[in-house]
Amino acid sequence: MSLGSTYLLVTIVNYRTPDLTIDCLRSLRGEVESIPGTKVVVIENDSGDDSLKEISAAIEKNSWGDWVSILPSNYNGGYAFGNNLAIRSALQQPLPPSYFFILNPDTQVIPNGLKVLVDFLEQHPDVGIAGCNLQTPDGELKRLAFHFPSVVSEFESALCLGIVTKLLSKWVVPRYMGNEPSQIDWVSGTAMLIRRQVFESVGLMDEGYFLFYEETDFCLQAKRGGWSCWYIPQSRIMNIGGQSRKKADNSNSKRQPQYWFDSRQRYFLKNHGLFYASLADTARILGLALWRIRQIIQQKPDHAPPQILIDSIRNSIFFKLRSYL
């Protein structure tokens, strides 16, 4: 992968979503023209289908070859692994890019959505990461950024009780944002602009995460390294949502996938230690148990994944304690 004097590198990890990836590339054409030195790398994450062939044909048909390249992988190691393949290679170039934009294939960049983020980081050299305002295909703005997960947030999110959520609002992970740029703990990895120096100071994303929590962990490492993370609402990107994740989960079960439990546990153990992780598990299990009691007594509709309580117990520290001692 030759990047030359690339200023901005966009990385897109494709896993069995060639049509969405092609649409995403199409939406990037205007951004590439408005930001000189922009290149895009599609990491084909061992889809095992015709993705490589279809995306390559689209690049040739649309004459995108001067700004898009494909990096095939012979192993699907997940979101962090796929993005790191391109980022690592770019950082080793004599003139590495100034910025990296991680973008999911099930997105389409609204005109100037990327340029707004780049301009913000150019104007604020102390900011390491910037995220955007995601919107649905119907145009509804999600206006979400996030607080770091904690013991308190684990209990709150599992319990799903309005008065408790209100009382614990400063610990609730999803944060509904306004119309002004705001500093936040972390932003969605669906679309995330990262300054090169962040990678140079804290390293690449942790490939121990397959899916989920990798961007949360990376933003935490960046914060510990002295870099701030900002939500920029003027940048808008349409997100269909969850398409690659659906392809990654080969089972037909609606239960929470195993890699979610593995990633969650890794996050708490890595960043807060065994004792804190056990408290987080306790808080989550207690919250889920109380919610189940409320759901039965009040006959509330149950929107949680099937068997979420028993799966949370089975994947808790207490069931795996021997392996951590």
# chains A, B, ... in the order shown; residues from 1 in each chain; ligands from 1
>>> residues_around(residues="A:Ser157", least_positions_apart="5", cutoff="12 Å", atoms="only C-alpha atoms", output="PyMOL selection string")
chain A and resi 149-152+162+164-166+168-169+171-174+280+283-288+290-291+304
>>> select_by_dssp(residues="stretch 17-67 of chain A", states="alpha helix (DSSP H)", output="number ranges by chain")
A: 18-34, 51-61
>>> closest_residue(among="A:Leu204, A:Cys160, A:His272, A:Ser182", to="A:His303", atoms="only C-alpha atoms")
A:Cys160
>>> atom_distance(atom1="atom CA of A:Val40", atom2="atom CA of A:Ile12")
7.7 Å
>>> closest_residue(among="A:Val32, A:Leu144, A:Cys132, A:Ile110", to="A:Arg175", atoms="only C-alpha atoms")
A:Leu144
>>> closest_atom_pairs(of="stretch 78-139 of chain A", to="stretch 42-60 of chain A", cutoff="8 Å", atoms="only C-alpha atoms", output="CSV")
residue,atom,partner,partner_atom,distance
A:Gly78,CA,A:Asn45,CA,7.9
A:Gly82,CA,A:Ile43,CA,6.2
A:Asn83,CA,A:Ile43,CA,7.2
A:Leu85,CA,A:Ile43,CA,7.7
A:Ala86,CA,A:Ile43,CA,7.2
>>> write_last_selection(atoms="all heavy atoms", output="mmCIF file, in the first residue's frame")
data_model
loop_
_atom_site.group_PDB
_atom_site.id
_atom_site.type_symbol
_atom_site.label_atom_id
_atom_site.label_comp_id
_atom_site.auth_asym_id
_atom_site.auth_seq_id
_atom_site.Cartn_x
_atom_site.Cartn_y
_atom_site.Cartn_z
ATOM 1 N N GLY A 78 -11.513 -8.902 13.493
ATOM 2 C CA GLY A 78 -12.408 -7.927 14.088
ATOM 3 C C GLY A 78 -12.118 -6.506 13.660
ATOM 4 O O GLY A 78 -11.288 -6.230 12.791
ATOM 5 N N GLY A 82 -8.691 -5.136 11.813
ATOM 6 C CA GLY A 82 -8.783 -4.698 10.424
ATOM 7 C C GLY A 82 -8.288 -3.281 10.219
ATOM 8 O O GLY A 82 -7.495 -3.002 9.299
ATOM 9 N N ASN A 83 -8.732 -2.352 11.058
ATOM 10 C CA ASN A 83 -8.274 -0.975 10.929
ATOM 11 C C ASN A 83 -6.772 -0.847 11.168
ATOM 12 O O ASN A 83 -6.080 -0.089 10.486
ATOM 13 C CB ASN A 83 -9.035 -0.066 11.903
ATOM 14 C CG ASN A 83 -10.411 0.311 11.391
ATOM 15 O OD1 ASN A 83 -10.544 1.020 10.394
ATOM 16 N ND2 ASN A 83 -11.443 -0.171 12.064
ATOM 17 N N LEU A 85 -4.455 -2.881 10.452
ATOM 18 C CA LEU A 85 -3.671 -3.309 9.290
ATOM 19 C C LEU A 85 -3.282 -2.110 8.428
ATOM 20 O O LEU A 85 -2.125 -1.976 8.006
ATOM 21 C CB LEU A 85 -4.471 -4.306 8.446
ATOM 22 C CG LEU A 85 -4.545 -5.744 8.918
ATOM 23 C CD1 LEU A 85 -5.419 -6.552 7.957
ATOM 24 C CD2 LEU A 85 -3.148 -6.369 8.999
ATOM 25 N N ALA A 86 -4.261 -1.253 8.156
ATOM 26 C CA ALA A 86 -3.992 -0.081 7.314
ATOM 27 C C ALA A 86 -3.262 1.005 8.077
ATOM 28 O O ALA A 86 -2.341 1.641 7.548
ATOM 29 C CB ALA A 86 -5.309 0.459 6.754
#
>>> residues_around(residues="A:Pro125", least_positions_apart="2", cutoff="12 Å", atoms="only C-alpha atoms", output="ChimeraX atom specification")
/A:98-99,118-123,127-130,194-198,226-229
>>> decode(residues="stretch 287-307 of chain A", atoms="C-alpha atoms", output="compact mmCIF listing (two decimals), in the first residue's frame")
# COMPACT_ATOMS: atom_id res chain seq x y z
CA GLY A 287 -29.70 -4.54 38.05
CA LEU A 288 -30.82 -7.24 35.63
CA ALA A 289 -32.34 -9.32 38.43
CA LEU A 290 -34.33 -6.33 39.74
CA TRP A 291 -35.45 -5.51 36.21
CA ARG A 292 -36.65 -9.09 35.72
CA ILE A 293 -38.68 -8.91 38.93
CA ARG A 294 -40.24 -5.60 37.83
CA GLN A 295 -40.95 -6.99 34.38
CA ILE A 296 -42.82 -9.97 35.80
CA ILE A 297 -44.78 -8.06 38.46
CA GLN A 298 -45.69 -5.09 36.26
CA GLN A 299 -46.02 -7.17 33.09
CA LYS A 300 -43.75 -4.83 31.21
CA PRO A 301 -42.70 -5.68 27.65
CA ASP A 302 -39.27 -7.28 27.64
CA HIS A 303 -36.95 -5.78 25.05
CA ALA A 304 -33.77 -7.29 26.47
CA PRO A 305 -31.88 -10.02 24.59
CA PRO A 306 -33.11 -13.52 25.50
CA GLN A 307 -31.47 -15.06 28.58
